[in-house]
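Dumped entry13.cif below, it's mmCIF, C-alpha atoms and all ligand atoms:
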data_data
#
loop_
_atom_site.label_atom_id
_atom_site.label_comp_id
_atom_site.auth_asym_id
_atom_site.auth_seq_id
_atom_site.Cartn_x
_atom_site.Cartn_y
_atom_site.Cartn_z
CA MET A 258 106.10 111.32 117.84
CA ASP A 259 102.76 109.50 117.82
CA THR A 260 101.85 106.80 115.32
CA GLU A 261 99.46 109.05 113.49
CA GLN A 262 102.27 111.54 112.76
CA ASN A 263 104.67 108.74 112.00
CA GLN A 264 102.47 107.61 109.10
CA GLU A 265 103.30 110.86 107.34
CA PHE A 266 107.00 110.11 106.99
CA VAL A 267 108.27 108.42 103.87
CA PHE A 268 110.17 105.36 105.07
CA THR A 269 107.59 104.50 107.71
CA HIS A 270 104.60 105.38 105.53
CA ARG A 271 102.19 102.46 105.21
CA ASP A 272 102.34 102.69 101.41
CA TYR A 273 106.13 102.85 101.20
CA HIS A 274 107.24 99.43 99.98
CA SER A 275 110.94 99.68 99.19
CA HIS A 276 110.47 102.41 96.60
CA GLU A 277 113.78 103.21 94.91
CA GLY A 278 113.29 106.91 95.26
CA VAL A 279 110.73 109.54 96.21
CA PHE A 280 111.39 113.09 95.00
CA PHE A 281 109.68 116.25 96.15
CA GLY A 282 109.64 119.18 93.75
CA HIS A 283 108.80 122.82 94.37
CA ASP A 284 109.05 125.95 92.26
CA GLU A 285 108.22 129.06 94.21
CA THR A 286 107.95 131.25 91.12
CA THR A 287 105.02 129.23 89.73
CA GLY A 288 103.67 127.65 92.92
CA PHE A 289 104.38 124.18 91.54
CA LYS A 290 104.42 121.36 94.10
CA GLY A 291 104.83 117.77 92.96
CA ILE A 292 106.06 114.35 94.00
CA ILE A 293 107.66 111.72 91.78
CA ALA A 294 107.85 108.19 93.17
CA ILE A 295 110.00 105.58 91.49
CA HIS A 296 109.03 102.18 92.81
CA SER A 297 111.27 99.96 90.69
CA ARG A 298 113.49 100.11 87.63
CA LYS A 299 114.32 96.42 87.58
CA ARG A 300 112.76 95.98 84.15
CA GLY A 301 113.55 99.43 82.74
CA PRO A 302 112.92 103.14 83.25
CA ALA A 303 110.04 103.96 85.58
CA LEU A 304 107.03 105.02 83.53
CA GLY A 305 103.73 106.32 84.86
CA GLY A 306 101.34 109.19 84.37
CA MET A 307 101.36 112.68 85.82
CA ARG A 308 98.26 113.09 87.93
CA MET A 309 97.08 116.60 88.79
CA SER A 310 94.69 116.78 91.68
CA LEU A 311 93.70 118.70 94.76
CA TYR A 312 94.47 116.47 97.73
CA PRO A 313 93.03 116.92 101.22
CA ASP A 314 96.61 117.14 102.53
CA GLU A 315 100.20 116.29 101.59
CA PRO A 316 100.19 112.79 103.18
CA ALA A 317 97.22 111.93 100.94
CA ALA A 318 99.23 112.97 97.88
CA LEU A 319 102.21 110.95 99.07
CA SER A 320 100.00 107.94 99.64
CA ASP A 321 98.56 108.23 96.14
CA VAL A 322 101.92 108.49 94.39
CA LEU A 323 103.42 105.61 96.41
CA ARG A 324 100.49 103.29 95.70
CA LEU A 325 100.19 104.22 92.04
CA SER A 326 103.92 103.89 91.30
CA GLU A 327 104.01 100.44 92.89
CA GLY A 328 100.99 99.43 90.82
CA MET A 329 102.84 100.54 87.68
CA THR A 330 105.73 98.19 88.50
CA TYR A 331 103.38 95.19 88.62
CA LYS A 332 101.42 96.32 85.58
CA ALA A 333 104.55 96.60 83.42
CA ALA A 334 106.02 93.36 84.80
CA ALA A 335 102.82 91.35 84.30
CA ALA A 336 102.55 92.70 80.74
CA GLU A 337 106.20 91.69 80.20
CA LEU A 338 107.27 95.21 79.19
CA LYS A 339 110.81 96.50 79.65
CA LEU A 340 109.58 99.21 82.00
CA GLY A 341 109.67 99.96 85.68
CA GLY A 342 107.04 101.59 87.85
CA GLY A 343 106.80 105.30 88.59
CA LYS A 344 104.22 108.01 89.01
CA MET A 345 104.02 111.74 89.55
CA VAL A 346 101.42 113.79 91.34
CA VAL A 347 101.03 117.54 91.01
CA LEU A 348 99.21 119.10 93.95
CA ALA A 349 96.95 121.53 92.10
CA ASP A 350 93.39 121.92 90.91
CA PRO A 351 93.49 121.05 87.18
CA LYS A 352 90.38 123.15 86.52
CA LYS A 353 91.67 126.34 88.16
CA GLU A 354 95.43 126.20 88.59
CA LYS A 355 96.75 124.52 85.44
CA THR A 356 98.83 127.21 83.71
CA LYS A 357 101.54 126.89 81.09
CA ASP A 358 104.13 128.01 83.66
CA LEU A 359 102.99 125.38 86.16
CA LEU A 360 103.27 122.67 83.50
CA LEU A 361 106.75 123.87 82.50
CA SER A 362 107.80 123.64 86.16
CA ALA A 363 106.43 120.07 86.22
CA GLY A 364 108.43 119.30 83.06
CA ARG A 365 111.64 120.68 84.56
CA PHE A 366 111.10 118.48 87.61
CA VAL A 367 110.81 115.41 85.36
CA GLN A 368 113.95 116.48 83.47
CA LEU A 369 115.88 116.68 86.75
CA LEU A 370 115.75 112.89 87.01
CA SER A 371 117.43 112.46 83.58
CA GLY A 372 115.13 109.72 82.31
CA ALA A 373 114.93 107.53 85.43
CA TYR A 374 111.24 108.51 85.32
CA ILE A 375 109.20 108.97 82.11
CA THR A 376 105.93 110.82 82.36
CA ALA A 377 102.62 110.60 80.47
CA GLU A 378 99.08 111.92 80.79
CA ASP A 379 96.86 110.81 83.63
CA SER A 380 93.77 112.14 85.36
CA GLY A 381 93.90 115.92 85.46
CA THR A 382 96.33 116.12 82.53
CA ASN A 383 95.88 115.65 78.79
CA LEU A 384 97.67 115.56 75.45
CA GLU A 385 97.89 119.38 75.19
CA ASP A 386 99.53 119.48 78.62
CA MET A 387 102.05 116.84 77.53
CA LEU A 388 102.97 118.99 74.53
CA VAL A 389 103.74 121.88 76.88
CA ILE A 390 105.67 119.61 79.26
CA ASN A 391 107.67 118.35 76.28
CA GLN A 392 109.11 121.89 75.95
CA ALA A 393 110.83 121.34 79.31
CA THR A 394 111.65 117.64 79.18
CA GLU A 395 112.29 114.95 76.60
CA TYR A 396 111.09 112.28 79.03
CA VAL A 397 107.41 112.33 78.13
CA VAL A 398 105.33 109.86 76.10
CA GLY A 399 101.78 109.90 74.82
CA ILE A 400 102.59 112.60 72.25
CA LYS A 401 102.40 110.33 69.17
CA SER A 402 100.21 107.59 70.63
CA GLY A 403 97.56 110.02 71.88
CA ASP A 404 94.79 109.44 74.42
CA PRO A 405 95.64 106.14 76.20
CA SER A 406 92.07 105.66 77.45
CA ARG A 407 91.01 104.31 74.03
CA LEU A 408 93.32 101.35 74.47
CA THR A 409 92.63 101.00 78.18
CA ALA A 410 88.94 100.69 77.35
CA TYR A 411 89.63 98.20 74.56
CA GLY A 412 91.81 96.02 76.83
CA THR A 413 89.17 96.17 79.56
CA TYR A 414 86.51 95.11 77.06
CA LEU A 415 88.64 92.11 76.05
CA GLY A 416 89.18 91.35 79.74
CA ILE A 417 85.45 91.40 80.41
CA LYS A 418 85.02 88.88 77.58
CA ALA A 419 87.61 86.63 79.24
CA CYS A 420 85.71 86.88 82.55
CA VAL A 421 82.38 86.07 80.91
CA GLU A 422 83.73 83.10 79.03
CA PHE A 423 85.41 81.70 82.15
CA LYS A 424 82.70 82.38 84.71
CA LEU A 425 79.50 82.19 82.67
CA GLY A 426 80.66 79.90 79.86
CA LYS A 427 79.49 82.40 77.25
CA LYS A 428 81.40 83.56 74.18
CA GLU A 429 79.07 86.52 73.66
CA LEU A 430 78.11 89.43 75.88
CA ARG A 431 74.64 89.90 74.40
CA GLY A 432 71.94 90.32 77.06
CA LEU A 433 74.35 90.58 80.00
CA LYS A 434 73.71 93.29 82.58
CA VAL A 435 76.64 95.54 83.43
CA ALA A 436 76.84 98.26 86.09
CA ILE A 437 79.50 100.85 85.25
CA GLN A 438 80.89 103.21 87.89
CA GLY A 439 82.45 106.22 86.15
CA ILE A 440 81.85 107.18 82.53
CA GLY A 441 84.85 109.42 82.05
CA ASN A 442 87.56 108.79 79.46
CA VAL A 443 87.73 105.03 79.90
CA GLY A 444 84.23 104.24 81.20
CA SER A 445 82.43 106.00 78.34
CA LYS A 446 84.45 104.17 75.68
CA LEU A 447 84.00 100.87 77.48
CA ALA A 448 80.24 101.56 77.60
CA GLU A 449 80.29 101.93 73.80
CA TYR A 450 81.97 98.56 73.29
CA LEU A 451 79.59 96.82 75.68
CA TYR A 452 76.50 98.49 74.25
CA GLN A 453 77.50 97.54 70.71
CA ASP A 454 77.78 93.94 71.91
CA GLY A 455 74.21 94.01 73.26
CA CYS A 456 74.79 94.52 76.99
CA GLN A 457 72.18 96.23 79.16
CA LEU A 458 73.93 99.09 80.91
CA THR A 459 73.36 100.74 84.26
CA VAL A 460 75.75 103.62 84.83
CA THR A 461 76.63 106.25 87.36
CA ASP A 462 78.91 109.26 87.51
CA THR A 463 79.27 112.22 89.82
CA GLY A 464 79.59 114.53 86.80
CA GLU A 465 76.29 115.40 85.13
CA GLU A 466 78.01 116.42 81.89
CA LYS A 467 79.42 112.88 81.50
CA VAL A 468 75.94 111.39 81.58
CA LYS A 469 74.72 113.91 79.02
CA ARG A 470 77.67 113.13 76.74
CA LEU A 471 77.01 109.39 76.92
CA SER A 472 73.35 109.79 75.94
CA GLU A 473 74.41 111.99 73.01
CA ASN A 474 76.40 108.99 71.76
CA ASN A 475 73.16 107.09 71.10
CA ILE A 476 73.82 104.67 73.93
CA LYS A 477 70.82 103.53 75.95
CA PHE A 478 71.38 103.10 79.67
CA ASN A 479 69.80 103.32 83.11
CA PHE A 480 71.22 105.95 85.37
CA VAL A 481 71.48 105.35 89.12
CA LYS A 482 72.84 107.50 91.93
CA PRO A 483 76.56 106.96 92.72
CA GLU A 484 75.77 105.29 96.06
CA GLU A 485 73.49 102.75 94.35
CA ILE A 486 75.87 101.33 91.75
CA PHE A 487 77.37 98.49 93.80
CA SER A 488 74.01 97.06 94.87
CA GLN A 489 72.64 96.57 91.34
CA THR A 490 71.54 93.05 90.44
CA VAL A 491 73.76 92.55 87.41
CA ASP A 492 76.20 90.06 85.90
CA ILE A 493 79.17 92.43 85.95
CA VAL A 494 80.18 95.40 88.05
CA SER A 495 82.78 97.54 86.30
CA PRO A 496 84.66 100.13 88.40
CA ASN A 497 86.07 102.88 86.16
CA ALA A 498 86.16 105.88 88.46
CA ARG A 499 88.76 105.76 91.21
CA GLY A 500 90.65 103.52 93.61
CA ALA A 501 89.68 101.69 96.82
CA VAL A 502 86.06 101.28 95.71
CA LEU A 503 86.01 97.61 96.66
CA ASN A 504 85.93 97.80 100.43
CA GLU A 505 84.12 96.68 103.60
CA ASN A 506 81.18 98.85 102.67
CA THR A 507 80.72 97.97 98.99
CA VAL A 508 81.61 94.25 98.83
CA PRO A 509 78.67 93.13 101.03
CA GLN A 510 76.37 95.04 98.66
CA LEU A 511 77.49 93.22 95.52
CA LYS A 512 74.91 91.16 93.63
CA CYS A 513 77.03 90.20 90.64
CA THR A 514 79.26 87.31 89.58
CA ILE A 515 82.08 89.35 87.99
CA VAL A 516 83.95 92.52 88.95
CA ALA A 517 86.02 93.82 86.04
CA GLY A 518 86.93 97.43 85.36
CA ALA A 519 89.83 99.74 84.59
CA ALA A 520 90.15 101.74 87.81
CA ASN A 521 93.58 101.51 89.45
CA ASN A 522 93.96 100.06 92.96
CA GLN A 523 90.35 98.91 93.24
CA LEU A 524 90.93 96.76 96.32
CA ALA A 525 90.97 99.01 99.40
CA GLU A 526 92.93 96.27 101.17
CA GLU A 527 94.49 92.94 100.20
CA LYS A 528 91.93 90.98 102.16
CA ILE A 529 89.09 92.40 100.05
CA GLY A 530 90.35 90.30 97.13
CA SER A 531 89.98 87.21 99.31
CA ARG A 532 86.50 88.34 100.36
CA LEU A 533 85.45 88.45 96.69
CA PHE A 534 86.88 84.98 96.15
CA GLU A 535 84.94 83.62 99.15
CA LYS A 536 81.77 85.17 97.75
CA ASP A 537 82.46 83.35 94.45
CA ILE A 538 82.76 86.64 92.58
CA LEU A 539 85.37 86.56 89.83
CA TYR A 540 87.66 89.58 90.19
CA ALA A 541 89.80 90.66 87.22
CA PRO A 542 92.97 92.09 88.83
CA ASP A 543 93.04 95.77 87.89
CA TYR A 544 96.62 96.09 86.70
CA ILE A 545 96.17 93.12 84.38
CA ILE A 546 92.88 94.21 82.77
CA ASN A 547 93.76 97.93 82.50
CA ALA A 548 97.20 97.55 80.88
CA GLY A 549 96.00 98.69 77.42
CA GLY A 550 96.99 102.34 77.95
CA LEU A 551 100.48 101.32 79.04
CA LEU A 552 100.87 98.94 76.10
CA ASN A 553 99.90 101.85 73.88
CA VAL A 554 102.49 104.33 75.20
CA TYR A 555 105.13 101.61 75.34
CA MET A 556 105.12 101.58 71.53
CA GLU A 557 106.23 105.19 71.70
CA VAL A 558 109.00 104.36 74.19
CA GLU A 559 110.24 101.71 71.76
CA ASN A 560 110.18 104.00 68.74
CA PRO A 561 108.33 107.35 68.68
CA ASP A 562 108.32 107.40 64.86
CA LYS A 563 106.69 104.00 64.42
CA TYR A 564 103.42 104.35 66.30
CA ASP A 565 100.60 102.38 64.63
CA ASP A 566 97.09 102.34 66.07
CA LYS A 567 96.23 98.90 64.64
CA VAL A 568 99.37 97.38 66.13
CA ALA A 569 98.53 99.03 69.47
CA HIS A 570 95.10 97.36 69.46
CA ARG A 571 96.68 94.02 68.57
CA ARG A 572 99.10 94.36 71.46
CA CYS A 573 96.15 94.52 73.87
CA GLU A 574 94.92 91.07 72.81
CA PRO A 575 97.16 89.09 75.24
CA ILE A 576 95.20 90.68 78.13
CA TYR A 577 92.45 88.18 77.35
CA GLN A 578 94.70 85.10 77.64
CA ARG A 579 96.64 86.48 80.61
CA LEU A 580 93.39 86.77 82.54
CA ARG A 581 92.25 83.31 81.44
CA ASN A 582 95.52 81.87 82.76
CA ILE A 583 95.09 83.68 86.08
CA PHE A 584 91.50 82.44 86.45
CA THR A 585 92.41 78.84 85.61
CA GLU A 586 95.26 78.83 88.11
CA SER A 587 93.11 80.50 90.76
CA GLN A 588 90.46 77.81 90.33
CA LYS A 589 92.99 74.98 90.33
CA ARG A 590 94.92 76.17 93.40
CA LYS A 591 91.89 77.70 95.20
CA ILE A 592 93.74 81.00 95.58
CA PRO A 593 92.17 84.42 94.87
CA THR A 594 92.91 85.96 91.49
CA HIS A 595 94.67 89.04 92.90
CA LYS A 596 97.22 86.78 94.57
CA ILE A 597 97.87 84.80 91.40
CA ALA A 598 98.35 88.07 89.48
CA MET A 599 100.88 89.26 92.06
CA GLU A 600 102.79 85.98 91.86
CA MET A 601 102.92 86.42 88.09
CA ALA A 602 104.21 90.00 88.32
CA LEU A 603 106.80 89.11 90.98
CA ARG A 604 108.04 86.19 88.85
CA ASN A 605 108.71 88.67 86.06
CA LEU A 606 110.61 90.94 88.45
CA LYS A 607 113.16 88.32 89.47
P1 LIG B 701 88.28 110.15 84.22
O1 LIG B 701 88.61 111.17 85.25
O2 LIG B 701 88.15 110.57 82.80
O3 LIG B 701 86.94 109.37 84.61
C1 LIG B 701 86.57 109.05 85.91
C2 LIG B 701 85.08 109.33 86.05
O4 LIG B 701 84.64 108.86 87.31
C3 LIG B 701 84.74 110.82 85.98
O5 LIG B 701 83.75 111.02 85.01
C4 LIG B 701 84.27 111.14 87.39
O6 LIG B 701 83.26 112.15 87.39
C5 LIG B 701 83.73 109.80 87.83
N1 LIG B 701 83.69 109.61 89.29
C6 LIG B 701 84.59 109.99 90.22
N2 LIG B 701 84.18 109.59 91.45
C7 LIG B 701 83.02 108.95 91.26
C8 LIG B 701 82.12 108.29 92.13
N3 LIG B 701 82.33 108.23 93.45
N4 LIG B 701 81.01 107.72 91.62
C9 LIG B 701 80.78 107.77 90.29
N5 LIG B 701 81.58 108.38 89.42
C10 LIG B 701 82.69 108.96 89.90
O7 LIG B 701 89.41 109.03 84.38
P2 LIG B 701 89.75 107.85 83.35
O8 LIG B 701 90.93 108.23 82.56
O9 LIG B 701 88.49 107.42 82.67
O10 LIG B 701 90.23 106.72 84.37
C11 LIG B 701 89.28 106.01 85.15
C12 LIG B 701 90.01 105.05 86.07
O11 LIG B 701 90.80 104.14 85.29
C13 LIG B 701 90.99 105.70 87.05
O12 LIG B 701 91.03 104.95 88.23
C14 LIG B 701 92.32 105.58 86.33
O13 LIG B 701 93.40 105.60 87.25
C15 LIG B 701 92.17 104.22 85.69
N6 LIG B 701 93.01 104.03 84.52
C16 LIG B 701 92.91 104.87 83.47
C17 LIG B 701 93.71 104.68 82.37
C18 LIG B 701 93.62 105.58 81.16
O14 LIG B 701 94.16 105.21 80.11
N7 LIG B 701 92.95 106.72 81.26
C19 LIG B 701 94.63 103.61 82.34
C20 LIG B 701 94.67 102.73 83.43
C21 LIG B 701 93.86 102.96 84.52
#

Let me see whether you can do it: turn the structure in this file into structure tokens.
Amino acid sequence: MDTEQNQEFVFTHRDYHSHEGVFFGHDETTGFKGIIAIHSRKRGPALGGMRMSLYPDEPAALSDVLRLSEGMTYKAAAAELKLGGGKMVVLADPKKEKTKDLLLSAGRFVQLLSGAYITAEDSGTNLEDMLVINQATEYVVGIKSGDPSRLTAYGTYLGIKACVEFKLGKKELRGLKVAIQGIGNVGSKLAEYLYQDGCQLTVTDTGEEKVKRLSENNIKFNFVKPEEIFSQTVDIVSPNARGAVLNENTVPQLKCTIVAGAANNQLAEEKIGSRLFEKDILYAPDYIINAGGLLNVYMEVENPDKYDDKVAHRRCEPIYQRLRNIFTESQKRKIPTHKIAMEMALRNLK
């Protein structure tokens, strides 16, 4: 077996880092194919969204679910929640293949694990889908608390304020230039917060309809092509589209002092975080700044009948101080912020 092939196996996969369990589900009557990865349950049941996507191949799907579930462990631990890290991917095109039967198969697969994994909406799935899934499993959240992207955007906005205060010594965002990659669920709501605070926005998205929707919201912005977003001369670059966008290609292009956005797994590799630090660019570790959505659904895990939107917003506020602490320690010890964040998460996993 050559190394290339070897990478496709679970225990030798480059993204397999002592995951507790990886489960492959298939239902031949509906065509459902999915993978649930449970990275850790040290702090509680493994919670993470159900992502529906077309992947180039099965190893790519496995890679995604392994990386995302591990990220959920650190996100929950850093936010001091009694939750572990898990994730589910459904290998299907959400625009063409998402049927009620497929969703029910996905729900039955979740139920099979008897609560070791709790699912929620993620890219390619939404609240309506969760209501269907709930017919097949009780282990689903996001029913009462609704669209998590509202809170993810709010937490990211607070995180950007923490970055600005630390790096630029400013309490206000007025006049700052921000380049936003991705104006989907989170990015568009973040754009609203930043615009209301007087930021000058440059945005990009691969979906034309997203750009149209943002302009209908009375938000003024510059639009640039997707490949131009990382080379904008701005104060802040905010990745809100997808993972691995900070890489050998994009980091040399950066002309900003802060990188802070909600996308998961922004660093293509560990060393990219160090590269940002060497370039004196303040990086807000993704799983710290984007924890708002998780904090929101956690309220439902605690008590589904007591969800309160105001309380959910209040629970996002510690994101600001958590980032400030990370930045201060990073400066004091001359260690990149992503490493300090990992130390913090690992401390909470002991
Ligand atoms: P979304 O699918 O609604 O938005 C993503 C947007 O990015 C889409 O509009 C898409 O067209 C655009 N996009 C994709 N590739 C692009 C590219 N190369 N250049 C420019 N635009 C591109 O997803 P979302 O819910 O807004 O989540 C955005 C990111 O934040 C994801 O990485 C997600 O994992 C992460 N995240 C989301 C939440 C949440 O509550 N939704 C929570 C934590 C983290």

7 Å shell around ligand LIG 701 (chain B) using all atoms listed in the file, listed as an NGL selection string: :A and (379-380 or 405-409 or 438-444 or 461-464 or 467 or 483 or 497-500 or 519-521 or 547-548 or 550)

Please produce a file of the residues just selected, as a PDB file, keeping the file's coordinate frame, where the atoms kept are C-alpha atoms.
ATOM      1  CA  ASP A 379      96.860 110.810  83.630  1.00  0.00           C
ATOM      2  CA  SER A 380      93.770 112.140  85.360  1.00  0.00           C
ATOM      3  CA  PRO A 405      95.640 106.140  76.200  1.00  0.00           C
ATOM      4  CA  SER A 406      92.070 105.660  77.450  1.00  0.00           C
ATOM      5  CA  ARG A 407      91.010 104.310  74.030  1.00  0.00           C
ATOM      6  CA  LEU A 408      93.320 101.350  74.470  1.00  0.00           C
ATOM      7  CA  THR A 409      92.630 101.000  78.180  1.00  0.00           C
ATOM      8  CA  GLN A 438      80.890 103.210  87.890  1.00  0.00           C
ATOM      9  CA  GLY A 439      82.450 106.220  86.150  1.00  0.00           C
ATOM     10  CA  ILE A 440      81.850 107.180  82.530  1.00  0.00           C
ATOM     11  CA  GLY A 441      84.850 109.420  82.050  1.00  0.00           C
ATOM     12  CA  ASN A 442      87.560 108.790  79.460  1.00  0.00           C
ATOM     13  CA  VAL A 443      87.730 105.030  79.900  1.00  0.00           C
ATOM     14  CA  GLY A 444      84.230 104.240  81.200  1.00  0.00           C
ATOM     15  CA  THR A 461      76.630 106.250  87.360  1.00  0.00           C
ATOM     16  CA  ASP A 462      78.910 109.260  87.510  1.00  0.00           C
ATOM     17  CA  THR A 463      79.270 112.220  89.820  1.00  0.00           C
ATOM     18  CA  GLY A 464      79.590 114.530  86.800  1.00  0.00           C
ATOM     19  CA  LYS A 467      79.420 112.880  81.500  1.00  0.00           C
ATOM     20  CA  PRO A 483      76.560 106.960  92.720  1.00  0.00           C
ATOM     21  CA  ASN A 497      86.070 102.880  86.160  1.00  0.00           C
ATOM     22  CA  ALA A 498      86.160 105.880  88.460  1.00  0.00           C
ATOM     23  CA  ARG A 499      88.760 105.760  91.210  1.00  0.00           C
ATOM     24  CA  GLY A 500      90.650 103.520  93.610  1.00  0.00           C
ATOM     25  CA  ALA A 519      89.830  99.740  84.590  1.00  0.00           C
ATOM     26  CA  ALA A 520      90.150 101.740  87.810  1.00  0.00           C
ATOM     27  CA  ASN A 521      93.580 101.510  89.450  1.00  0.00           C
ATOM     28  CA  ASN A 547      93.760  97.930  82.500  1.00  0.00           C
ATOM     29  CA  ALA A 548      97.200  97.550  80.880  1.00  0.00           C
ATOM     30  CA  GLY A 550      96.990 102.340  77.950  1.00  0.00           C
TER      31      GLY A 550
END

Given all atoms listed in the file as the counted atoms, nearest of A:Tyr411, A:Arg532, A:Ala517, A:Gly399 to Tyr450 in chain A: A:Tyr411

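At a cut-off of 9 Å from (74.8, 101.9, 74.5), the residue set is Ala448, Glu449, Tyr450, Leu451, Tyr452, Gln453, Asp454, Gly455, Cys456, Gln457, Leu458, Leu471, Ser472, Asn474, Asn475, Ile476, Lys477 and Phe478 of chain A (counting only C-alpha atoms).
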
Produce a file of the selected residues containing C-alpha atoms, as a compact mmCIF listing (two decimals), keeping the file's coordinate frame.
# COMPACT_ATOMS: atom_id res chain seq x y z
CA ALA A 448 80.24 101.56 77.60
CA GLU A 449 80.29 101.93 73.80
CA TYR A 450 81.97 98.56 73.29
CA LEU A 451 79.59 96.82 75.68
CA TYR A 452 76.50 98.49 74.25
CA GLN A 453 77.50 97.54 70.71
CA ASP A 454 77.78 93.94 71.91
CA GLY A 455 74.21 94.01 73.26
CA CYS A 456 74.79 94.52 76.99
CA GLN A 457 72.18 96.23 79.16
CA LEU A 458 73.93 99.09 80.91
CA LEU A 471 77.01 109.39 76.92
CA SER A 472 73.35 109.79 75.94
CA ASN A 474 76.40 108.99 71.76
CA ASN A 475 73.16 107.09 71.10
CA ILE A 476 73.82 104.67 73.93
CA LYS A 477 70.82 103.53 75.95
CA PHE A 478 71.38 103.10 79.67

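Atom to atom, CA of Asp562 in chain A and CA of Ile295 in chain A stand 26.7 Å apart.
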
Ala602 in chain A surroundings by all atoms listed in the file, 9 Å radius, close-in-sequence under 5 positions cut, as a ChimeraX atom specification: /A:330-337,597

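Shortest atom-to-atom contact with Val398 in chain A among A:Gln588, A:Ser320, A:Asn560, A:Thr356: A:Asn560, counting all atoms listed in the file.
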
Best match for closeness to Cys420 in chain A among A:Gly341, A:Gly403, A:Gly518, A:Pro496, counting only C-alpha atoms: A:Gly518

Between CA of Glu422 in chain A and CA of Ile546 in chain A - distance in Å to one decimal: 14.9 Å

Missing atoms of range 579-584 of chain A rebuilt to all heavy atoms, written as an mmCIF file, keeping the file's coordinate frame:
data_model
loop_
_atom_site.group_PDB
_atom_site.id
_atom_site.type_symbol
_atom_site.label_atom_id
_atom_site.label_comp_id
_atom_site.auth_asym_id
_atom_site.auth_seq_id
_atom_site.Cartn_x
_atom_site.Cartn_y
_atom_site.Cartn_z
ATOM 1 N N ARG A 579 95.979 86.330 79.296
ATOM 2 C CA ARG A 579 96.640 86.480 80.610
ATOM 3 C C ARG A 579 95.603 86.317 81.719
ATOM 4 O O ARG A 579 95.837 85.636 82.716
ATOM 5 C CB ARG A 579 97.279 87.872 80.663
ATOM 6 C CG ARG A 579 98.454 87.952 81.592
ATOM 7 C CD ARG A 579 99.267 89.199 81.335
ATOM 8 N NE ARG A 579 100.092 89.118 80.157
ATOM 9 C CZ ARG A 579 100.205 90.064 79.237
ATOM 10 N NH1 ARG A 579 99.542 91.180 79.348
ATOM 11 N NH2 ARG A 579 100.983 89.891 78.191
ATOM 12 N N LEU A 580 94.451 86.910 81.528
ATOM 13 C CA LEU A 580 93.390 86.770 82.540
ATOM 14 C C LEU A 580 92.893 85.335 82.607
ATOM 15 O O LEU A 580 92.687 84.784 83.693
ATOM 16 C CB LEU A 580 92.230 87.725 82.242
ATOM 17 C CG LEU A 580 92.480 89.184 82.620
ATOM 18 C CD1 LEU A 580 91.366 90.074 82.095
ATOM 19 C CD2 LEU A 580 92.585 89.356 84.139
ATOM 20 N N ARG A 581 92.708 84.718 81.444
ATOM 21 C CA ARG A 581 92.250 83.310 81.440
ATOM 22 C C ARG A 581 93.221 82.429 82.227
ATOM 23 O O ARG A 581 92.810 81.571 82.994
ATOM 24 C CB ARG A 581 92.131 82.786 79.993
ATOM 25 C CG ARG A 581 90.970 83.340 79.173
ATOM 26 C CD ARG A 581 89.626 82.960 79.737
ATOM 27 N NE ARG A 581 89.489 81.548 80.025
ATOM 28 C CZ ARG A 581 88.730 80.689 79.384
ATOM 29 N NH1 ARG A 581 88.007 81.100 78.381
ATOM 30 N NH2 ARG A 581 88.645 79.422 79.749
ATOM 31 N N ASN A 582 94.522 82.664 82.035
ATOM 32 C CA ASN A 582 95.520 81.870 82.760
ATOM 33 C C ASN A 582 95.404 82.091 84.267
ATOM 34 O O ASN A 582 95.487 81.140 85.053
ATOM 35 C CB ASN A 582 96.940 82.231 82.307
ATOM 36 C CG ASN A 582 97.176 81.861 80.846
ATOM 37 O OD1 ASN A 582 96.395 81.129 80.246
ATOM 38 N ND2 ASN A 582 98.239 82.388 80.270
ATOM 39 N N ILE A 583 95.215 83.351 84.649
ATOM 40 C CA ILE A 583 95.090 83.680 86.080
ATOM 41 C C ILE A 583 93.854 82.981 86.662
ATOM 42 O O ILE A 583 93.899 82.374 87.739
ATOM 43 C CB ILE A 583 95.008 85.217 86.277
ATOM 44 C CG1 ILE A 583 96.369 85.838 85.982
ATOM 45 C CG2 ILE A 583 94.528 85.580 87.680
ATOM 46 C CD1 ILE A 583 96.382 87.352 85.934
ATOM 47 N N PHE A 584 92.747 83.034 85.938
ATOM 48 C CA PHE A 584 91.500 82.440 86.450
ATOM 49 C C PHE A 584 91.634 80.919 86.583
ATOM 50 O O PHE A 584 91.182 80.329 87.564
ATOM 51 C CB PHE A 584 90.316 82.763 85.516
ATOM 52 C CG PHE A 584 90.043 84.239 85.365
ATOM 53 C CD1 PHE A 584 89.399 84.750 84.238
ATOM 54 C CD2 PHE A 584 90.435 85.134 86.351
ATOM 55 C CE1 PHE A 584 89.144 86.107 84.104
ATOM 56 C CE2 PHE A 584 90.186 86.506 86.229
ATOM 57 C CZ PHE A 584 89.553 86.972 85.095
#
